[in-house]
Structures are given as C-alpha cells and as structure tokens.
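Trainee: Contents of target31.csv (CSV, N, CA, C and O atoms) are below:
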```
chain,number,residue,atom,x,y,z
J,113,MET,N,-84.9,21.6,-55.9
J,113,MET,CA,-84.4,22.6,-56.7
J,113,MET,C,-82.9,22.3,-57.1
J,113,MET,O,-82.1,22.0,-56.2
J,114,GLY,N,-82.6,22.4,-58.3
J,114,GLY,CA,-81.2,22.1,-58.8
J,114,GLY,C,-80.4,23.4,-58.6
J,114,GLY,O,-80.9,24.5,-58.5
J,115,LYS,N,-79.1,23.1,-58.6
J,115,LYS,CA,-78.2,24.3,-58.6
J,115,LYS,C,-78.2,25.0,-59.9
J,115,LYS,O,-78.3,24.4,-61.0
J,116,LYS,N,-78.0,26.3,-59.8
J,116,LYS,CA,-77.9,27.1,-61.0
J,116,LYS,C,-76.5,27.0,-61.6
J,116,LYS,O,-75.5,27.1,-60.8
J,117,ARG,N,-76.4,26.7,-62.9
J,117,ARG,CA,-75.1,26.6,-63.5
J,117,ARG,C,-74.4,28.0,-63.6
J,117,ARG,O,-75.1,29.0,-64.0
J,118,SER,N,-73.2,28.0,-63.2
J,118,SER,CA,-72.4,29.3,-63.3
J,118,SER,C,-72.0,29.5,-64.7
J,118,SER,O,-71.6,28.5,-65.4
J,119,ARG,N,-72.1,30.7,-65.2
J,119,ARG,CA,-71.7,30.9,-66.6
J,119,ARG,C,-70.2,31.2,-66.6
J,119,ARG,O,-69.7,31.8,-65.6
J,120,PRO,N,-69.5,30.9,-67.7
J,120,PRO,CA,-68.1,31.2,-67.8
J,120,PRO,C,-67.9,32.7,-67.8
J,120,PRO,O,-68.7,33.5,-68.2
J,121,ARG,N,-66.7,33.1,-67.2
J,121,ARG,CA,-66.4,34.5,-67.1
J,121,ARG,C,-66.1,35.1,-68.5
J,121,ARG,O,-65.4,34.5,-69.3
J,122,ARG,N,-66.7,36.2,-68.8
J,122,ARG,CA,-66.5,36.8,-70.1
J,122,ARG,C,-65.9,38.2,-69.9
J,122,ARG,O,-66.1,38.8,-68.9
J,123,ALA,N,-65.2,38.6,-71.0
J,123,ALA,CA,-64.6,39.9,-70.9
J,123,ALA,C,-65.3,40.8,-72.0
J,123,ALA,O,-65.6,40.3,-73.1
J,124,PHE,N,-65.5,42.1,-71.7
J,124,PHE,CA,-66.1,43.0,-72.6
J,124,PHE,C,-65.2,44.2,-72.8
J,124,PHE,O,-64.6,44.7,-71.9
J,125,THR,N,-65.3,44.7,-74.0
J,125,THR,CA,-64.5,45.9,-74.3
J,125,THR,C,-65.1,47.1,-73.6
J,125,THR,O,-66.3,47.2,-73.4
J,126,PRO,N,-64.3,48.2,-73.4
J,126,PRO,CA,-64.8,49.4,-72.8
J,126,PRO,C,-65.9,50.0,-73.7
J,126,PRO,O,-66.9,50.6,-73.2
J,127,GLU,N,-65.8,49.9,-75.0
J,127,GLU,CA,-66.7,50.4,-76.0
J,127,GLU,C,-68.1,49.7,-75.8
J,127,GLU,O,-69.1,50.4,-75.8
J,128,PHE,N,-68.1,48.4,-75.6
J,128,PHE,CA,-69.3,47.7,-75.4
J,128,PHE,C,-70.0,48.1,-74.1
J,128,PHE,O,-71.2,48.3,-74.1
J,129,LYS,N,-69.2,48.2,-73.1
J,129,LYS,CA,-69.7,48.6,-71.8
J,129,LYS,C,-70.4,50.0,-71.9
J,129,LYS,O,-71.4,50.3,-71.4
J,130,ALA,N,-69.7,50.9,-72.6
J,130,ALA,CA,-70.2,52.3,-72.8
J,130,ALA,C,-71.5,52.3,-73.6
J,130,ALA,O,-72.4,53.1,-73.2
J,131,GLU,N,-71.7,51.4,-74.5
J,131,GLU,CA,-72.9,51.3,-75.3
J,131,GLU,C,-74.0,50.8,-74.4
J,131,GLU,O,-75.2,51.3,-74.4
J,132,ILE,N,-73.7,49.8,-73.5
J,132,ILE,CA,-74.8,49.3,-72.6
J,132,ILE,C,-75.2,50.4,-71.6
J,132,ILE,O,-76.4,50.5,-71.4
J,133,VAL,N,-74.2,51.1,-71.1
J,133,VAL,CA,-74.5,52.2,-70.2
J,133,VAL,C,-75.4,53.2,-70.9
J,133,VAL,O,-76.4,53.7,-70.3
J,134,GLU,N,-75.1,53.6,-72.1
J,134,GLU,CA,-75.9,54.6,-72.8
J,134,GLU,C,-77.3,54.1,-73.0
J,134,GLU,O,-78.2,54.9,-72.8
J,135,VAL,N,-77.5,52.8,-73.3
J,135,VAL,CA,-78.8,52.3,-73.5
J,135,VAL,C,-79.6,52.4,-72.2
J,135,VAL,O,-80.8,52.7,-72.2
J,136,CYS,N,-78.9,52.1,-71.1
J,136,CYS,CA,-79.6,52.1,-69.8
J,136,CYS,C,-79.9,53.6,-69.4
J,136,CYS,O,-81.0,53.8,-68.8
J,137,GLN,N,-79.1,54.5,-69.7
J,137,GLN,CA,-79.3,55.9,-69.3
J,137,GLN,C,-80.3,56.6,-70.2
J,137,GLN,O,-80.8,57.7,-69.8
J,138,ARG,N,-80.6,56.0,-71.3
J,138,ARG,CA,-81.7,56.6,-72.2
J,138,ARG,C,-83.0,56.6,-71.5
J,138,ARG,O,-83.9,57.5,-71.7
J,139,GLY,N,-83.2,55.6,-70.7
J,139,GLY,CA,-84.5,55.5,-69.8
J,139,GLY,C,-85.6,54.8,-70.4
J,139,GLY,O,-86.7,54.7,-69.8
J,140,ASP,N,-85.5,54.3,-71.7
J,140,ASP,CA,-86.7,53.6,-72.3
J,140,ASP,C,-86.8,52.2,-71.8
J,140,ASP,O,-87.8,51.6,-72.0
J,141,ARG,N,-85.7,51.6,-71.3
J,141,ARG,CA,-85.7,50.2,-70.7
J,141,ARG,C,-85.1,50.2,-69.4
J,141,ARG,O,-84.2,51.0,-69.1
J,142,THR,N,-85.5,49.3,-68.5
J,142,THR,CA,-84.9,49.1,-67.2
J,142,THR,C,-83.5,48.4,-67.4
J,142,THR,O,-83.3,47.8,-68.4
J,143,VAL,N,-82.7,48.5,-66.3
J,143,VAL,CA,-81.5,47.8,-66.3
J,143,VAL,C,-81.7,46.3,-66.5
J,143,VAL,O,-80.9,45.6,-67.2
J,144,ALA,N,-82.7,45.8,-65.8
J,144,ALA,CA,-83.0,44.3,-65.9
J,144,ALA,C,-83.3,43.9,-67.4
J,144,ALA,O,-82.9,42.9,-67.9
J,145,GLN,N,-84.1,44.8,-68.1
J,145,GLN,CA,-84.5,44.5,-69.5
J,145,GLN,C,-83.2,44.5,-70.4
J,145,GLN,O,-83.1,43.7,-71.2
J,146,VAL,N,-82.4,45.5,-70.2
J,146,VAL,CA,-81.2,45.6,-71.0
J,146,VAL,C,-80.3,44.4,-70.7
J,146,VAL,O,-79.8,43.8,-71.7
J,147,ALA,N,-80.1,44.0,-69.5
J,147,ALA,CA,-79.3,42.8,-69.1
J,147,ALA,C,-79.9,41.6,-69.8
J,147,ALA,O,-79.1,40.8,-70.4
J,148,ARG,N,-81.2,41.4,-69.8
J,148,ARG,CA,-81.8,40.2,-70.4
J,148,ARG,C,-81.6,40.3,-72.0
J,148,ARG,O,-81.3,39.3,-72.6
J,149,ASP,N,-81.8,41.5,-72.5
J,149,ASP,CA,-81.7,41.6,-74.0
J,149,ASP,C,-80.3,41.3,-74.5
J,149,ASP,O,-80.2,40.8,-75.6
J,150,PHE,N,-79.3,41.7,-73.7
J,150,PHE,CA,-77.9,41.5,-74.2
J,150,PHE,C,-77.3,40.2,-73.6
J,150,PHE,O,-76.1,40.1,-73.7
J,151,ASP,N,-78.1,39.4,-72.9
J,151,ASP,CA,-77.6,38.2,-72.2
J,151,ASP,C,-76.4,38.5,-71.2
J,151,ASP,O,-75.3,37.9,-71.3
J,152,LEU,N,-76.7,39.5,-70.4
J,152,LEU,CA,-75.7,39.9,-69.4
J,152,LEU,C,-76.3,39.8,-68.0
J,152,LEU,O,-77.5,39.7,-67.9
J,153,THR,N,-75.5,39.8,-67.0
J,153,THR,CA,-76.0,39.7,-65.6
J,153,THR,C,-76.4,41.1,-65.2
J,153,THR,O,-75.7,42.1,-65.6
J,154,GLU,N,-77.5,41.2,-64.5
J,154,GLU,CA,-78.0,42.5,-64.1
J,154,GLU,C,-77.0,43.2,-63.1
J,154,GLU,O,-76.8,44.4,-63.2
J,155,THR,N,-76.3,42.4,-62.3
J,155,THR,CA,-75.2,43.0,-61.4
J,155,THR,C,-74.1,43.6,-62.2
J,155,THR,O,-73.7,44.7,-61.9
J,156,ALA,N,-73.7,43.0,-63.3
J,156,ALA,CA,-72.6,43.6,-64.1
J,156,ALA,C,-73.1,44.9,-64.8
J,156,ALA,O,-72.3,45.9,-64.7
J,157,VAL,N,-74.3,44.9,-65.3
J,157,VAL,CA,-74.8,46.1,-65.9
J,157,VAL,C,-74.9,47.2,-64.9
J,157,VAL,O,-74.5,48.4,-65.2
J,158,ARG,N,-75.4,46.9,-63.7
J,158,ARG,CA,-75.6,48.0,-62.7
J,158,ARG,C,-74.2,48.5,-62.3
J,158,ARG,O,-74.1,49.7,-62.1
J,159,SER,N,-73.2,47.7,-62.2
J,159,SER,CA,-71.9,48.1,-61.8
J,159,SER,C,-71.3,49.0,-62.9
J,159,SER,O,-70.6,50.0,-62.6
J,160,TRP,N,-71.5,48.7,-64.2
J,160,TRP,CA,-71.0,49.5,-65.3
J,160,TRP,C,-71.7,50.9,-65.2
J,160,TRP,O,-71.0,51.9,-65.4
J,161,VAL,N,-73.0,50.9,-65.0
J,161,VAL,CA,-73.7,52.2,-64.9
J,161,VAL,C,-73.2,53.0,-63.8
J,161,VAL,O,-72.9,54.2,-63.9
J,162,LYS,N,-73.0,52.4,-62.6
J,162,LYS,CA,-72.5,53.1,-61.4
J,162,LYS,C,-71.1,53.7,-61.7
J,162,LYS,O,-70.9,54.8,-61.4
J,163,GLN,N,-70.2,52.9,-62.3
J,163,GLN,CA,-68.9,53.3,-62.6
J,163,GLN,C,-68.9,54.5,-63.6
J,163,GLN,O,-68.1,55.5,-63.4
J,164,ALA,N,-69.8,54.4,-64.6
J,164,ALA,CA,-69.9,55.5,-65.6
J,164,ALA,C,-70.4,56.8,-64.9
J,164,ALA,O,-69.9,57.9,-65.2
J,165,GLU,N,-71.3,56.7,-63.9
J,165,GLU,CA,-71.8,57.8,-63.2
J,165,GLU,C,-70.7,58.4,-62.3
J,165,GLU,O,-70.6,59.6,-62.2
J,166,LEU,N,-69.9,57.6,-61.7
J,166,LEU,CA,-68.8,58.0,-60.9
J,166,LEU,C,-67.8,58.8,-61.7
J,166,LEU,O,-67.3,59.9,-61.4
J,167,ASP,N,-67.4,58.2,-62.9
J,167,ASP,CA,-66.4,58.8,-63.8
J,167,ASP,C,-67.0,60.2,-64.3
J,167,ASP,O,-66.2,61.1,-64.6
J,168,ALA,N,-68.3,60.3,-64.5
J,168,ALA,CA,-68.9,61.5,-65.1
J,168,ALA,C,-69.1,62.6,-64.0
J,168,ALA,O,-69.4,63.7,-64.3
J,169,GLY,N,-68.9,62.2,-62.7
J,169,GLY,CA,-69.1,63.1,-61.7
J,169,GLY,C,-70.6,63.2,-61.2
J,169,GLY,O,-70.9,64.1,-60.4
J,170,ILE,N,-71.4,62.4,-61.7
J,170,ILE,CA,-72.8,62.4,-61.3
J,170,ILE,C,-72.9,61.9,-59.9
J,170,ILE,O,-73.7,62.3,-59.1
J,171,ARG,N,-72.1,60.9,-59.5
J,171,ARG,CA,-72.1,60.3,-58.2
J,171,ARG,C,-70.7,60.6,-57.6
J,171,ARG,O,-69.8,60.8,-58.3
J,172,SER,N,-70.7,60.5,-56.2
J,172,SER,CA,-69.4,60.7,-55.6
J,172,SER,C,-69.3,59.8,-54.3
J,172,SER,O,-68.6,60.1,-53.4
J,173,ASP,N,-70.0,58.7,-54.4
J,173,ASP,CA,-70.0,57.8,-53.2
J,173,ASP,C,-68.9,56.6,-53.3
J,173,ASP,O,-68.9,55.7,-52.5
J,174,ALA,N,-68.1,56.7,-54.3
J,174,ALA,CA,-67.0,55.7,-54.5
J,174,ALA,C,-65.9,56.3,-55.4
J,174,ALA,O,-66.0,57.4,-55.7
J,175,LEU,N,-64.9,55.4,-55.7
J,175,LEU,CA,-63.8,55.9,-56.5
J,175,LEU,C,-64.1,55.9,-58.0
J,175,LEU,O,-64.7,55.0,-58.5
J,176,THR,N,-63.5,56.9,-58.6
J,176,THR,CA,-63.6,56.9,-60.1
J,176,THR,C,-62.6,55.9,-60.7
J,176,THR,O,-61.7,55.4,-59.9
J,177,SER,N,-62.6,55.7,-61.9
J,177,SER,CA,-61.7,54.7,-62.6
J,177,SER,C,-60.2,55.2,-62.4
J,177,SER,O,-59.3,54.4,-62.1
J,178,ASP,N,-60.0,56.5,-62.6
J,178,ASP,CA,-58.7,57.1,-62.4
J,178,ASP,C,-58.2,56.9,-61.0
J,178,ASP,O,-57.0,56.6,-60.8
J,179,GLU,N,-59.1,57.1,-60.0
J,179,GLU,CA,-58.7,57.0,-58.6
J,179,GLU,C,-58.4,55.5,-58.3
J,179,GLU,O,-57.4,55.2,-57.6
J,180,ARG,N,-59.2,54.6,-58.9
J,180,ARG,CA,-58.9,53.2,-58.7
J,180,ARG,C,-57.6,52.8,-59.2
J,180,ARG,O,-56.8,52.0,-58.6
J,181,SER,N,-57.2,53.2,-60.4
J,181,SER,CA,-55.9,52.9,-61.0
J,181,SER,C,-54.8,53.5,-60.2
J,181,SER,O,-53.7,52.8,-60.0
J,182,GLU,N,-55.0,54.7,-59.7
J,182,GLU,CA,-53.9,55.3,-58.9
J,182,GLU,C,-53.7,54.6,-57.6
J,182,GLU,O,-52.6,54.3,-57.1
J,183,LEU,N,-54.9,54.2,-57.0
J,183,LEU,CA,-54.8,53.4,-55.7
J,183,LEU,C,-54.1,52.1,-55.9
J,183,LEU,O,-53.2,51.7,-55.1
J,184,ALA,N,-54.3,51.4,-57.0
J,184,ALA,CA,-53.7,50.1,-57.3
J,184,ALA,C,-52.2,50.4,-57.5
J,184,ALA,O,-51.3,49.6,-57.0
J,185,ARG,N,-51.8,51.4,-58.2
J,185,ARG,CA,-50.4,51.7,-58.4
J,185,ARG,C,-49.7,52.1,-57.1
J,185,ARG,O,-48.6,51.6,-56.8
J,186,LEU,N,-50.4,52.9,-56.3
J,186,LEU,CA,-49.8,53.2,-55.0
J,186,LEU,C,-49.6,52.0,-54.1
J,186,LEU,O,-48.6,51.9,-53.3
J,187,ARG,N,-50.6,51.1,-54.1
J,187,ARG,CA,-50.5,49.9,-53.3
J,187,ARG,C,-49.3,49.1,-53.7
J,187,ARG,O,-48.6,48.5,-52.9
J,188,SER,N,-49.2,49.0,-55.0
J,188,SER,CA,-48.0,48.2,-55.5
J,188,SER,C,-46.7,48.8,-55.1
J,188,SER,O,-45.8,48.1,-54.7
J,189,GLU,N,-46.6,50.1,-55.3
J,189,GLU,CA,-45.4,50.8,-54.9
J,189,GLU,C,-45.1,50.7,-53.4
J,189,GLU,O,-44.0,50.5,-53.0
J,190,ASN,N,-46.2,50.8,-52.6
J,190,ASN,CA,-46.0,50.6,-51.1
J,190,ASN,C,-45.5,49.2,-50.8
J,190,ASN,O,-44.7,49.1,-49.9
J,191,ARG,N,-46.1,48.2,-51.4
J,191,ARG,CA,-45.6,46.8,-51.2
J,191,ARG,C,-44.1,46.7,-51.5
J,191,ARG,O,-43.4,46.1,-50.8
J,192,ARG,N,-43.7,47.3,-52.6
J,192,ARG,CA,-42.3,47.2,-53.0
J,192,ARG,C,-41.4,47.9,-52.1
J,192,ARG,O,-40.4,47.4,-51.7
J,193,LEU,N,-41.9,49.1,-51.6
J,193,LEU,CA,-41.1,49.9,-50.6
J,193,LEU,C,-40.9,49.1,-49.3
J,193,LEU,O,-39.9,49.1,-48.7
J,194,HIS,N,-42.0,48.5,-48.9
J,194,HIS,CA,-41.9,47.7,-47.6
J,194,HIS,C,-40.9,46.5,-47.8
J,194,HIS,O,-40.2,46.2,-46.8
J,195,GLN,N,-40.9,45.9,-49.0
J,195,GLN,CA,-39.9,44.8,-49.2
J,195,GLN,C,-38.5,45.4,-49.2
J,195,GLN,O,-37.6,44.8,-48.6
J,196,ASP,N,-38.3,46.6,-49.8
J,196,ASP,CA,-37.0,47.2,-49.8
J,196,ASP,C,-36.5,47.5,-48.3
J,196,ASP,O,-35.4,47.2,-48.0
J,197,VAL,N,-37.4,48.0,-47.5
J,197,VAL,CA,-37.1,48.3,-46.1
J,197,VAL,C,-36.8,47.0,-45.4
J,197,VAL,O,-35.8,47.0,-44.6
J,198,ASP,N,-37.5,46.0,-45.6
J,198,ASP,CA,-37.2,44.7,-45.0
J,198,ASP,C,-35.9,44.2,-45.4
J,198,ASP,O,-35.1,43.7,-44.5
J,199,ILE,N,-35.5,44.3,-46.6
J,199,ILE,CA,-34.2,43.8,-47.1
J,199,ILE,C,-33.1,44.7,-46.4
J,199,ILE,O,-32.1,44.1,-46.0
J,200,LEU,N,-33.3,46.0,-46.4
J,200,LEU,CA,-32.3,46.8,-45.7
J,200,LEU,C,-32.1,46.5,-44.2
J,200,LEU,O,-31.0,46.5,-43.7
J,201,ARG,N,-33.3,46.3,-43.6
J,201,ARG,CA,-33.2,45.9,-42.2
J,201,ARG,C,-32.4,44.6,-41.9
J,201,ARG,O,-31.6,44.5,-41.0
J,202,ARG,N,-32.7,43.6,-42.8
J,202,ARG,CA,-31.9,42.4,-42.7
J,202,ARG,C,-30.4,42.6,-42.9
J,202,ARG,O,-29.6,42.0,-42.3
J,203,ALA,N,-30.1,43.4,-44.0
J,203,ALA,CA,-28.7,43.6,-44.3
J,203,ALA,C,-28.0,44.3,-43.2
J,203,ALA,O,-26.9,44.0,-42.8
J,204,THR,N,-28.7,45.3,-42.5
J,204,THR,CA,-28.1,46.0,-41.4
J,204,THR,C,-27.8,45.1,-40.3
J,204,THR,O,-26.8,45.2,-39.6
J,205,ALA,N,-28.8,44.2,-40.0
J,205,ALA,CA,-28.6,43.3,-38.9
J,205,ALA,C,-27.4,42.3,-39.2
J,205,ALA,O,-26.6,42.0,-38.3
J,206,PHE,N,-27.3,41.9,-40.4
J,206,PHE,CA,-26.3,41.0,-40.8
J,206,PHE,C,-24.9,41.6,-40.7
J,206,PHE,O,-24.0,41.1,-40.1
J,207,PHE,N,-24.8,42.9,-41.2
J,207,PHE,CA,-23.5,43.6,-41.1
J,207,PHE,C,-23.1,44.0,-39.7
J,207,PHE,O,-22.0,44.0,-39.3
J,208,ALA,N,-24.1,44.2,-38.8
J,208,ALA,CA,-23.9,44.6,-37.4
J,208,ALA,C,-23.3,43.3,-36.7
J,208,ALA,O,-22.4,43.4,-35.9
J,209,ARG,N,-23.8,42.1,-37.0
J,209,ARG,CA,-23.3,40.9,-36.4
J,209,ARG,C,-21.9,40.6,-36.9
J,209,ARG,O,-21.0,40.1,-36.2
J,210,GLU,N,-21.6,40.9,-38.2
J,210,GLU,CA,-20.3,40.6,-38.8
J,210,GLU,C,-19.2,41.5,-38.3
J,210,GLU,O,-18.0,41.1,-38.2
J,211,THR,N,-19.5,42.7,-37.9
J,211,THR,CA,-18.5,43.7,-37.4
J,211,THR,C,-18.2,43.5,-36.0
J,211,THR,O,-17.2,44.1,-35.5
J,212,ARG,N,-18.9,42.7,-35.2
J,212,ARG,CA,-18.6,42.5,-33.8
J,212,ARG,C,-17.5,41.5,-33.6
J,212,ARG,O,-17.1,40.7,-34.2
```
Could I get this file's structure written as structure tokens?

Mentor:
Amino acid sequence: MGKKRSRPRRAFTPEFKAEIVEVCQRGDRTVAQVARDFDLTETAVRSWVKQAELDAGIRSDALTSDERSELARLRSENRRLHQDVDILRRATAFFARETR
C-alpha cells in the first residue's frame, strides 16, 4: 500500500463554511456526502458543523467562537503580564545589588 498524498492546506471564507453547514443541517445528505460533493475532508465539515452548533447554543460541550477568541486574547495578555513581572523582578534585583 502506498502512502496517501496529503493535500495542501486550503482556507475557506466564513460564508462558504456557513453554506456547507446549512447543507449538512438540511438533512437530505450525510456529512460524508457533502464532503465528497464539495471536495472537502469529512473531518473539516464535521468540525464546522460542531462549531456552528456551539455558536447557536444547540451544543454546550465546548467553547463558542466568541469564547475561543476571548481565551486567546486573555492568554496573550497573561503571557505579556508574566514578561512584565519578570522584567520588574530582574530590575529590582539589579537595583538591590547596586545600592549595597
């Protein structure tokens, strides 16, 4: 058996993802059929459907898009604050040595 070629990473607009989710939620085709019809991976389509259900409040077993973006922002801010504290700690140690 040969190795399966990996396909290049593609980017899709939010509008395209919303259309795919809508097609899946209509119920006339399975997620696998929709993925095949639009030349997408089934995993990607399933994750888009799951995220749309989270954002709509249908599911509550993971973070919504808003919560994800807030978490990313808070993690970035936390990283910056830790760096600031580290700089202040080093400066305090430096000046404490200089005043002795």

Trainee: Would you kindly return, as a list in words, each protein, DNA or RNA residue with an atom no farther than 6 Å from any atom of Glu154 of chain J, considering all atoms listed in the file and excluding same-chain residues fewer than 3 positions away?

Mentor: Val143, Ala144, Ala147, Val157, Arg158 and Ser159 of chain J

Trainee: Please list as a list in words every residue within 12 Å of Val135 of chain J, counting only C-alpha atoms and excluding residues in the same chain fewer than 3 positions away.

Mentor: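 Near Val135 of chain J, the qualifying residues are Phe128, Lys129, Ala130, Glu131, Ile132, Arg138, Gly139, Asp140, Arg141, Thr142, Val143, Ala144, Gln145, Val146, Ala147, Asp149, Phe150, Val157, Trp160 and Val161 of chain J.
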
Trainee: For a test of reading the model, state the distance in Å between atom O of Ser177 of chain J and atom O of Ala164 of chain J, rounded to one decimal.

Mentor: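 Separating atom O of Ser177 of chain J from atom O of Ala164 of chain J is a distance of 11.6 Å.
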
Trainee: Please report, as a ChimeraX atom specification, each residue of chain J to which DSSP assigns helix (DSSP H, G or I) when run on this structure's backbone.

Mentor: /J:126-138,143-149,154-168,177-210

Trainee: Could you check how far atom CA of Ser181 of chain J sits from atom CA of Asp167 of chain J, in Å to one decimal?

Mentor: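 Distance between the two atoms: 12.4 Å.
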
Trainee: Neighbouring residues of Asp178 of chain J were defined as those with any atom within 12 Å, considering only C-alpha atoms; residues of the same chain fewer than 4 positions away were excluded. Please report them as a ChimeraX atom specification.

Mentor: /J:163-164,166-168,174,182-185

Trainee: All heavy atoms are needed for segment 167-175 of chain J; please write them out as an mmCIF file, in the frame of the given file.

Mentor:
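In the end it all went to result-v6.cif:
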```
data_model
loop_
_atom_site.group_PDB
_atom_site.id
_atom_site.type_symbol
_atom_site.label_atom_id
_atom_site.label_comp_id
_atom_site.auth_asym_id
_atom_site.auth_seq_id
_atom_site.Cartn_x
_atom_site.Cartn_y
_atom_site.Cartn_z
ATOM 1 N N ASP J 167 -67.400 58.200 -62.900
ATOM 2 C CA ASP J 167 -66.400 58.800 -63.800
ATOM 3 C C ASP J 167 -67.000 60.200 -64.300
ATOM 4 O O ASP J 167 -66.200 61.100 -64.600
ATOM 5 C CB ASP J 167 -66.066 57.887 -64.906
ATOM 6 C CG ASP J 167 -65.281 56.682 -64.423
ATOM 7 O OD1 ASP J 167 -64.759 56.715 -63.286
ATOM 8 O OD2 ASP J 167 -65.187 55.690 -65.181
ATOM 9 N N ALA J 168 -68.300 60.300 -64.500
ATOM 10 C CA ALA J 168 -68.900 61.500 -65.100
ATOM 11 C C ALA J 168 -69.100 62.600 -64.000
ATOM 12 O O ALA J 168 -69.400 63.700 -64.300
ATOM 13 C CB ALA J 168 -70.176 61.165 -65.777
ATOM 14 N N GLY J 169 -68.900 62.200 -62.700
ATOM 15 C CA GLY J 169 -69.100 63.100 -61.700
ATOM 16 C C GLY J 169 -70.600 63.200 -61.200
ATOM 17 O O GLY J 169 -70.900 64.100 -60.400
ATOM 18 N N ILE J 170 -71.400 62.400 -61.700
ATOM 19 C CA ILE J 170 -72.800 62.400 -61.300
ATOM 20 C C ILE J 170 -72.900 61.900 -59.900
ATOM 21 O O ILE J 170 -73.700 62.300 -59.100
ATOM 22 C CB ILE J 170 -73.669 61.522 -62.243
ATOM 23 C CG1 ILE J 170 -73.613 62.132 -63.638
ATOM 24 C CG2 ILE J 170 -75.093 61.388 -61.752
ATOM 25 C CD1 ILE J 170 -74.197 61.266 -64.724
ATOM 26 N N ARG J 171 -72.100 60.900 -59.500
ATOM 27 C CA ARG J 171 -72.100 60.300 -58.200
ATOM 28 C C ARG J 171 -70.700 60.600 -57.600
ATOM 29 O O ARG J 171 -69.800 60.800 -58.300
ATOM 30 C CB ARG J 171 -72.255 58.770 -58.255
ATOM 31 C CG ARG J 171 -73.569 58.319 -58.812
ATOM 32 C CD ARG J 171 -73.590 56.814 -58.926
ATOM 33 N NE ARG J 171 -73.625 56.214 -57.603
ATOM 34 C CZ ARG J 171 -74.339 55.150 -57.290
ATOM 35 N NH1 ARG J 171 -75.059 54.572 -58.215
ATOM 36 N NH2 ARG J 171 -74.322 54.652 -56.085
ATOM 37 N N SER J 172 -70.700 60.500 -56.200
ATOM 38 C CA SER J 172 -69.400 60.700 -55.600
ATOM 39 C C SER J 172 -69.300 59.800 -54.300
ATOM 40 O O SER J 172 -68.600 60.100 -53.400
ATOM 41 C CB SER J 172 -69.270 62.172 -55.129
ATOM 42 O OG SER J 172 -70.280 62.496 -54.196
ATOM 43 N N ASP J 173 -70.000 58.700 -54.400
ATOM 44 C CA ASP J 173 -70.000 57.800 -53.200
ATOM 45 C C ASP J 173 -68.900 56.600 -53.300
ATOM 46 O O ASP J 173 -68.900 55.700 -52.500
ATOM 47 C CB ASP J 173 -71.344 57.192 -52.977
ATOM 48 C CG ASP J 173 -71.884 56.450 -54.191
ATOM 49 O OD1 ASP J 173 -71.454 56.767 -55.310
ATOM 50 O OD2 ASP J 173 -72.745 55.559 -54.012
ATOM 51 N N ALA J 174 -68.100 56.700 -54.300
ATOM 52 C CA ALA J 174 -67.000 55.700 -54.500
ATOM 53 C C ALA J 174 -65.900 56.300 -55.400
ATOM 54 O O ALA J 174 -66.000 57.400 -55.700
ATOM 55 C CB ALA J 174 -67.628 54.410 -55.184
ATOM 56 N N LEU J 175 -64.900 55.400 -55.700
ATOM 57 C CA LEU J 175 -63.800 55.900 -56.500
ATOM 58 C C LEU J 175 -64.100 55.900 -58.000
ATOM 59 O O LEU J 175 -64.700 55.000 -58.500
ATOM 60 C CB LEU J 175 -62.570 55.007 -56.183
ATOM 61 C CG LEU J 175 -62.086 54.932 -54.741
ATOM 62 C CD1 LEU J 175 -60.958 53.914 -54.628
ATOM 63 C CD2 LEU J 175 -61.627 56.279 -54.264
#
```
